[in-house]
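A.B. asks: Handing over start.cif, mmCIF, C-alpha atoms.
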```cif
data_my_file
loop_
_atom_site.label_atom_id
_atom_site.label_comp_id
_atom_site.auth_asym_id
_atom_site.auth_seq_id
_atom_site.Cartn_x
_atom_site.Cartn_y
_atom_site.Cartn_z
CA MET R 1453 155.09 78.68 70.11
CA ALA R 1454 158.41 76.99 69.36
CA VAL R 1455 161.44 79.00 68.28
CA VAL R 1456 164.12 77.47 66.05
CA TYR R 1457 167.36 78.96 64.75
CA ILE R 1458 168.47 78.09 61.23
CA ARG R 1459 171.85 78.55 59.61
CA MET R 1460 172.08 77.73 55.90
CA ARG R 1461 175.15 75.91 54.62
CA ASN R 1462 177.17 77.62 51.90
CA ARG R 1463 177.47 74.65 49.56
CA VAL R 1464 176.38 71.02 49.56
CA GLN R 1465 176.75 68.20 47.07
CA ALA R 1466 173.97 65.96 45.83
CA LYS R 1467 173.55 63.17 43.30
CA GLY R 1468 171.01 62.81 40.53
CA ASN R 1469 167.46 61.91 41.64
CA GLN R 1470 168.43 62.53 45.27
CA THR R 1471 165.85 63.97 47.63
CA VAL R 1472 167.03 67.12 49.40
CA ARG R 1473 165.67 67.74 52.90
CA ILE R 1474 166.13 70.73 55.17
CA LYS R 1475 168.65 68.82 57.32
CA ASP R 1476 170.85 68.46 54.22
CA ILE R 1477 171.23 72.18 53.58
CA ALA R 1478 170.83 73.80 57.00
CA ARG R 1479 171.79 73.46 60.62
CA ILE R 1480 168.88 73.78 63.05
CA ILE R 1481 168.92 74.69 66.75
CA GLY R 1482 165.83 74.41 68.94
CA PRO R 1483 163.62 71.95 70.83
CA GLU R 1484 164.49 68.36 69.92
CA GLU R 1485 160.96 67.34 68.90
CA VAL R 1486 160.63 70.38 66.63
CA ILE R 1487 164.06 69.84 65.04
CA THR R 1488 163.19 66.23 64.23
CA LYS R 1489 160.03 67.35 62.45
CA ILE R 1490 161.72 70.16 60.52
CA GLU R 1491 164.78 68.19 59.42
CA GLU R 1492 162.74 65.69 57.42
CA ILE R 1493 160.84 68.30 55.38
CA ILE R 1494 161.49 67.66 51.67
CA LEU R 1495 162.51 70.72 49.67
CA LEU R 1496 163.06 69.19 46.24
CA THR R 1497 164.20 66.16 44.28
CA VAL R 1498 167.15 66.60 41.95
CA LYS R 1499 166.17 66.20 38.28
CA LYS R 1500 168.07 66.11 35.01
CA GLU R 1501 166.57 69.50 34.10
CA ASP R 1502 168.39 71.06 37.07
CA LYS R 1503 171.74 70.48 35.32
CA ASN R 1504 174.59 70.85 37.83
CA ILE R 1505 173.66 73.81 40.08
CA ILE R 1506 170.61 74.55 42.23
CA VAL R 1507 170.26 77.54 44.57
CA ILE R 1508 167.98 77.20 47.60
CA ASP R 1509 166.84 80.49 49.10
CA LEU R 1510 166.14 80.96 52.80
CA ALA R 1511 162.61 82.10 51.96
CA GLN R 1512 161.91 78.68 50.41
CA VAL R 1513 162.99 76.97 53.63
CA ILE R 1514 160.82 79.21 55.81
CA MET R 1515 157.78 78.68 53.57
CA ALA R 1516 158.28 74.90 53.69
CA ILE R 1517 158.42 75.02 57.49
CA ARG R 1518 155.31 77.20 57.73
CA LYS R 1519 153.37 74.74 55.57
CA VAL R 1520 154.11 71.97 58.05
CA ASP R 1521 153.59 74.03 61.21
CA PRO R 1522 152.63 77.75 61.03
CA THR R 1523 153.22 78.17 64.79
CA ILE R 1524 156.97 77.66 64.50
CA GLU R 1525 158.92 80.90 64.76
CA VAL R 1526 162.06 80.87 62.63
CA GLU R 1527 165.14 82.94 63.49
CA THR R 1528 167.93 82.94 60.92
CA PHE R 1529 171.64 83.78 60.89
CA GLY R 1530 174.48 83.20 58.47
CA PRO R 1531 174.15 82.89 54.67
CA SER R 1532 170.72 83.28 53.09
CA GLN R 1533 171.29 80.87 50.20
CA THR R 1534 172.68 77.39 49.78
CA ILE R 1535 174.27 76.20 46.54
CA ILE R 1536 173.53 72.57 45.72
CA GLU R 1537 176.20 71.14 43.46
CA ILE R 1538 174.94 68.12 41.56
CA ILE R 1539 177.65 65.49 41.18
CA LEU R 1540 177.43 63.89 37.77
CA SER R 1541 179.06 60.56 37.01
CA LYS R 1542 182.45 61.15 35.45
CA LYS R 1543 184.67 58.88 33.45
CA LYS R 1544 187.93 57.93 35.09
CA MET R 1545 190.98 59.63 33.62
CA SER R 1546 193.22 57.24 31.71
CA TYR R 1547 196.92 56.92 32.54
CA LEU R 1548 197.75 58.17 29.05
CA THR R 1549 195.75 61.38 29.58
CA PHE R 1550 197.34 61.87 33.01
CA ALA R 1551 200.84 61.38 31.57
CA LEU R 1552 200.13 63.82 28.72
CA VAL R 1553 198.80 66.52 31.06
CA TRP R 1554 201.74 66.02 33.45
CA PHE R 1555 204.22 66.26 30.56
CA LEU R 1556 202.65 69.47 29.22
CA LEU R 1557 202.65 71.09 32.67
CA PHE R 1558 206.24 69.99 33.31
CA VAL R 1559 207.53 71.33 29.99
CA GLY R 1560 205.46 74.53 30.29
CA GLY R 1561 206.69 75.18 33.83
CA GLY R 1562 210.28 74.52 32.82
CA MET R 1563 210.06 76.85 29.84
CA THR R 1564 208.58 79.59 32.03
CA ILE R 1565 211.40 79.34 34.56
CA MET R 1566 214.09 79.28 31.87
CA ASN R 1567 212.62 82.28 30.04
CA PHE R 1568 212.46 84.21 33.32
CA HIS R 1569 216.13 83.42 34.02
CA VAL R 1570 217.10 84.61 30.55
CA ASP R 1571 215.15 87.86 31.03
CA VAL R 1572 216.92 88.67 34.30
CA SER R 1573 220.36 87.44 33.07
CA MET R 1574 220.59 84.83 35.81
CA GLY R 1575 223.54 83.13 34.08
CA GLU R 1576 225.64 86.28 34.30
CA VAL R 1577 224.66 86.75 37.93
CA HIS R 1578 225.87 83.23 38.78
CA GLN R 1579 229.15 83.88 36.95
CA LYS R 1580 229.73 87.09 38.93
CA ILE R 1581 228.88 85.41 42.26
CA PHE R 1582 231.26 82.55 41.43
CA THR R 1583 234.02 85.03 40.55
CA ILE R 1584 233.47 86.98 43.78
CA ILE R 1585 233.64 83.82 45.92
CA THR R 1586 236.50 81.96 44.17
CA GLY R 1587 238.31 84.73 42.29
CA LYS R 1588 238.09 82.62 39.11
CA VAL R 1589 236.18 83.27 35.87
CA GLU R 1590 233.96 80.35 34.84
CA ASP R 1591 231.45 80.21 31.95
CA LYS R 1592 229.47 77.43 33.66
CA PRO R 1593 229.73 77.87 37.43
CA LEU R 1594 228.14 74.53 38.37
CA LEU R 1595 229.17 75.08 42.00
CA ILE R 1596 226.53 77.85 42.08
CA GLN R 1597 224.03 76.55 39.52
CA ILE R 1598 223.48 73.03 40.93
CA PRO R 1599 222.65 74.14 44.53
CA TYR R 1600 220.55 76.96 43.08
CA SER R 1601 218.50 74.45 41.06
CA PHE R 1602 217.85 72.26 44.13
CA GLY R 1603 217.04 75.36 46.17
CA LEU R 1604 214.56 76.51 43.55
CA GLY R 1605 212.72 73.19 43.75
CA MET R 1606 212.70 73.22 47.56
CA GLY R 1607 211.49 76.80 47.57
CA MET R 1608 208.54 75.87 45.36
CA ILE R 1609 207.63 72.98 47.66
CA LEU R 1610 207.76 75.22 50.75
CA PHE R 1611 205.87 78.01 48.95
CA PHE R 1612 202.96 75.75 48.02
CA ASN R 1613 203.15 73.94 51.39
CA HIS R 1614 202.77 70.51 49.78
CA PHE R 1615 204.96 67.59 48.82
CA PHE R 1616 202.61 65.28 46.92
CA LYS R 1617 199.86 64.67 49.55
CA LYS R 1618 201.97 65.72 52.54
CA ARG R 1619 201.25 69.12 54.07
CA PHE R 1620 203.93 70.75 56.21
CA ASN R 1621 201.58 72.89 58.33
CA GLU R 1622 197.95 74.01 58.51
CA GLU R 1623 198.61 77.37 56.88
CA PRO R 1624 196.96 77.54 53.43
CA SER R 1625 199.24 77.96 50.44
CA PRO R 1626 198.92 81.02 48.15
CA LEU R 1627 197.39 78.76 45.51
CA GLU R 1628 194.74 77.53 47.97
CA VAL R 1629 193.94 81.12 48.95
CA GLU R 1630 193.51 82.12 45.31
CA MET R 1631 191.32 79.06 44.67
CA PHE R 1632 189.22 79.99 47.72
CA ASN R 1633 188.77 83.56 46.48
CA TYR R 1634 187.85 82.25 43.03
CA GLN R 1635 185.28 79.89 44.56
CA GLN R 1636 183.79 82.73 46.61
CA ASP R 1637 183.41 84.92 43.50
CA LEU R 1638 181.94 81.98 41.59
CA ASP R 1639 179.43 81.28 44.36
CA ARG R 1640 178.31 84.93 44.44
CA TYR R 1641 177.85 84.88 40.67
CA VAL R 1642 175.85 81.65 40.81
CA ILE R 1643 173.64 82.97 43.63
CA MET R 1644 172.86 86.16 41.70
CA ASN R 1645 172.20 84.46 38.36
CA GLU R 1646 170.81 81.03 39.24
CA ASN R 1647 168.49 82.13 42.05
CA LYS R 1648 165.19 83.06 40.38
CA GLU R 1649 164.11 85.01 43.47
CA ASN R 1650 166.86 87.58 42.88
CA VAL R 1651 165.71 88.52 39.37
CA ARG R 1652 162.13 89.32 38.46
CA HIS R 1653 160.60 91.01 35.42
CA LEU R 1654 157.79 93.48 36.08
CA ASP R 1655 155.72 91.78 33.39
CA ASP R 1656 155.82 88.46 35.28
CA ARG R 1657 152.59 87.55 37.00
#
```
Translate the structure described by the file into structure tokens.
C.D. replies:
Amino acid sequence: MAVVYIRMRNRVQAKGNQTVRIKDIARIIGPEEVITKIEEIILLTVKKEDKNIIVIDLAQVIMAIRKVDPTIEVETFGPSQTIIEIILSKKKMSYLTFALVWFLLFVGGGMTIMNFHVDVSMGEVHQKIFTIITGKVEDKPLLIQIPYSFGLGMGMILFFNHFFKKRFNEEPSPLEVEMFNYQQDLDRYVIMNENKENVRHLDDR
């Protein structure tokens, strides 16, 4: 009796009409000849009816293995489901659309910062700091406001840990952490609602 260890992947991507095998959604540890046989077992073929999400349950994998060879003993660890994300062909974004989105984000971000500064009376704070440093009263203390503006931009770059495609270190930015948490919650929702094995009506036969 051969023993194999299987660890399901959290999420994989597939294209339309693509055949999904066990090696695509799981990592297998065991005797080489057994692994070769298991890896090529076909679980499903992606169809249009599947839309863009498919959930493969560990039980489906074990049953597929047992059909090929009932003597194989399967030990599992890690996640018990794999989400297959179907990549649909998408139209390329036009430069006009990109420019419009960039402009809206730029104006919206600028308005947000300016409204925040008005709420906290940042202008008056700069005037007081300028008066404390120079002893002069100035309605527009550019000596304070210009460096502050550059510092604000640099602070945002350091906070998000990116300058265009350049990353300053391997530490994830707060935005990446929030996106990760959102993806985790989304995956849990998909697993609970898309996996038919998790929900069953008593009237079903």
A.B. asks: Go through R:Gly1607, R:Asp1637, R:Ile1487, R:Ser1601 and flag the residue nearest Met1566 (chain R), using all atoms listed in the file for the distances.
C.D. replies: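 So, comparing all the options, the nearest one is R:Ser1601.
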A.B. asks: Could you state which residues are captured by the PyMOL selection byres ((chain R and resi 1490) around 12) in this file, as JSON, numbers by chain?
C.D. replies: {"R": [1454, 1455, 1456, 1457, 1458, 1473, 1474, 1475, 1476, 1477, 1478, 1479, 1480, 1481, 1482, 1483, 1484, 1485, 1486, 1487, 1488, 1489, 1491, 1492, 1493, 1494, 1495, 1513, 1514, 1515, 1516, 1517, 1518, 1519, 1520, 1521, 1522, 1524, 1525, 1526]}
A.B. asks: Could you check the closest approach to Arg1463 (chain R) for each of R:Ala1511, R:Ile1536, R:Leu1627, R:Ile1506 and tell me which residue wins, using only C-alpha atoms?
C.D. replies: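 Ranked by minimum distance to Arg1463 (chain R), first place goes to R:Ile1536.
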A.B. asks: Report the distance between CA of Glu1622 (chain R) and CA of Ile1609 (chain R) in Å, rounded to one decimal place.
C.D. replies: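 So the answer is 14.6 Å.
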A.B. asks: Could you name the residues that touch His1614 (chain R) at 9 Å or less, counting only C-alpha atoms, but leaving out those on the same chain fewer than 6 positions away, as number ranges by chain?
C.D. replies: R: 1620-1621, 1625
A.B. asks: Determine the nearest neighbour of Phe1529 (chain R) from the options R:Arg1459, R:His1569, R:Lys1467, R:Lys1580, counting all atoms listed in the file.
C.D. replies: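 Comparing R:Arg1459, R:His1569, R:Lys1467, R:Lys1580 against Phe1529 (chain R), the winner is R:Arg1459.
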A.B. asks: Could you tell me how far CA of Pro1531 (chain R) lies from CA of Gln1465 (chain R), in Å and to one decimal?
C.D. replies: 16.7 Å
A.B. asks: Could you jot down the CA of Gly1562 (chain R) to CA of Ser1546 (chain R) separation for me, Å, one decimal place?
C.D. replies: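 Calculated distance between CA of Gly1562 (chain R) and CA of Ser1546 (chain R) is 24.3 Å.
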A.B. asks: For Gln1579 (chain R), which of R:Thr1564, R:Ile1596, R:Asn1633, R:Asn1613 is the closest residue, counting all atoms listed in the file?
C.D. replies: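 Using all atoms listed in the file, the shortest distance to Gln1579 (chain R) belongs to R:Ile1596.
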A.B. asks: Give the answer as one residue: which of R:Gly1530, R:Ile1565, R:Phe1550, R:Glu1628 has the shortest atom-to-atom distance to Phe1611 (chain R), using all atoms listed in the file?
C.D. replies: R:Glu1628
A.B. asks: Which polymer residues, protein or nucleic acid, are no farther than 8 Å from (227.0, 82.2, 38.6), counting only C-alpha atoms, as number ranges by chain?
C.D. replies: R: 1574-1583, 1592-1594, 1596-1597
A.B. asks: May I have the selected residues written with C-alpha atoms, as a short mmCIF file (atom, residue, chain, number, x, y, z; two decimals), keeping the file's coordinate frame?
C.D. replies:
```cif
data_model
loop_
_atom_site.label_atom_id
_atom_site.label_comp_id
_atom_site.auth_asym_id
_atom_site.auth_seq_id
_atom_site.Cartn_x
_atom_site.Cartn_y
_atom_site.Cartn_z
CA MET R 1574 220.59 84.83 35.81
CA GLY R 1575 223.54 83.13 34.08
CA GLU R 1576 225.64 86.28 34.30
CA VAL R 1577 224.66 86.75 37.93
CA HIS R 1578 225.87 83.23 38.78
CA GLN R 1579 229.15 83.88 36.95
CA LYS R 1580 229.73 87.09 38.93
CA ILE R 1581 228.88 85.41 42.26
CA PHE R 1582 231.26 82.55 41.43
CA THR R 1583 234.02 85.03 40.55
CA LYS R 1592 229.47 77.43 33.66
CA PRO R 1593 229.73 77.87 37.43
CA LEU R 1594 228.14 74.53 38.37
CA ILE R 1596 226.53 77.85 42.08
CA GLN R 1597 224.03 76.55 39.52
#
```
A.B. asks: Which residues come within 7 Å of Asn1462 (chain R), counting all atoms listed in the file, excluding same-chain residues fewer than 4 positions away, as a VMD selection string?
C.D. replies: chain R and resid 1531 1533 to 1535
A.B. asks: Applied to this file, what does the PyMOL selection byres ((chain R and resi 1505) around 8) return in terms of residues, put as a PDB file with C-alpha atoms, in the frame of the given file?
C.D. replies:
```
ATOM      1  CA  ASP R1502     168.390  71.060  37.070  1.00  0.00           C
ATOM      2  CA  LYS R1503     171.740  70.480  35.320  1.00  0.00           C
ATOM      3  CA  ASN R1504     174.590  70.850  37.830  1.00  0.00           C
ATOM      4  CA  ILE R1506     170.610  74.550  42.230  1.00  0.00           C
ATOM      5  CA  VAL R1507     170.260  77.540  44.570  1.00  0.00           C
ATOM      6  CA  ILE R1535     174.270  76.200  46.540  1.00  0.00           C
ATOM      7  CA  ILE R1536     173.530  72.570  45.720  1.00  0.00           C
ATOM      8  CA  GLU R1537     176.200  71.140  43.460  1.00  0.00           C
ATOM      9  CA  ILE R1538     174.940  68.120  41.560  1.00  0.00           C
ATOM     10  CA  GLU R1646     170.810  81.030  39.240  1.00  0.00           C
TER      11      GLU R1646
END
```
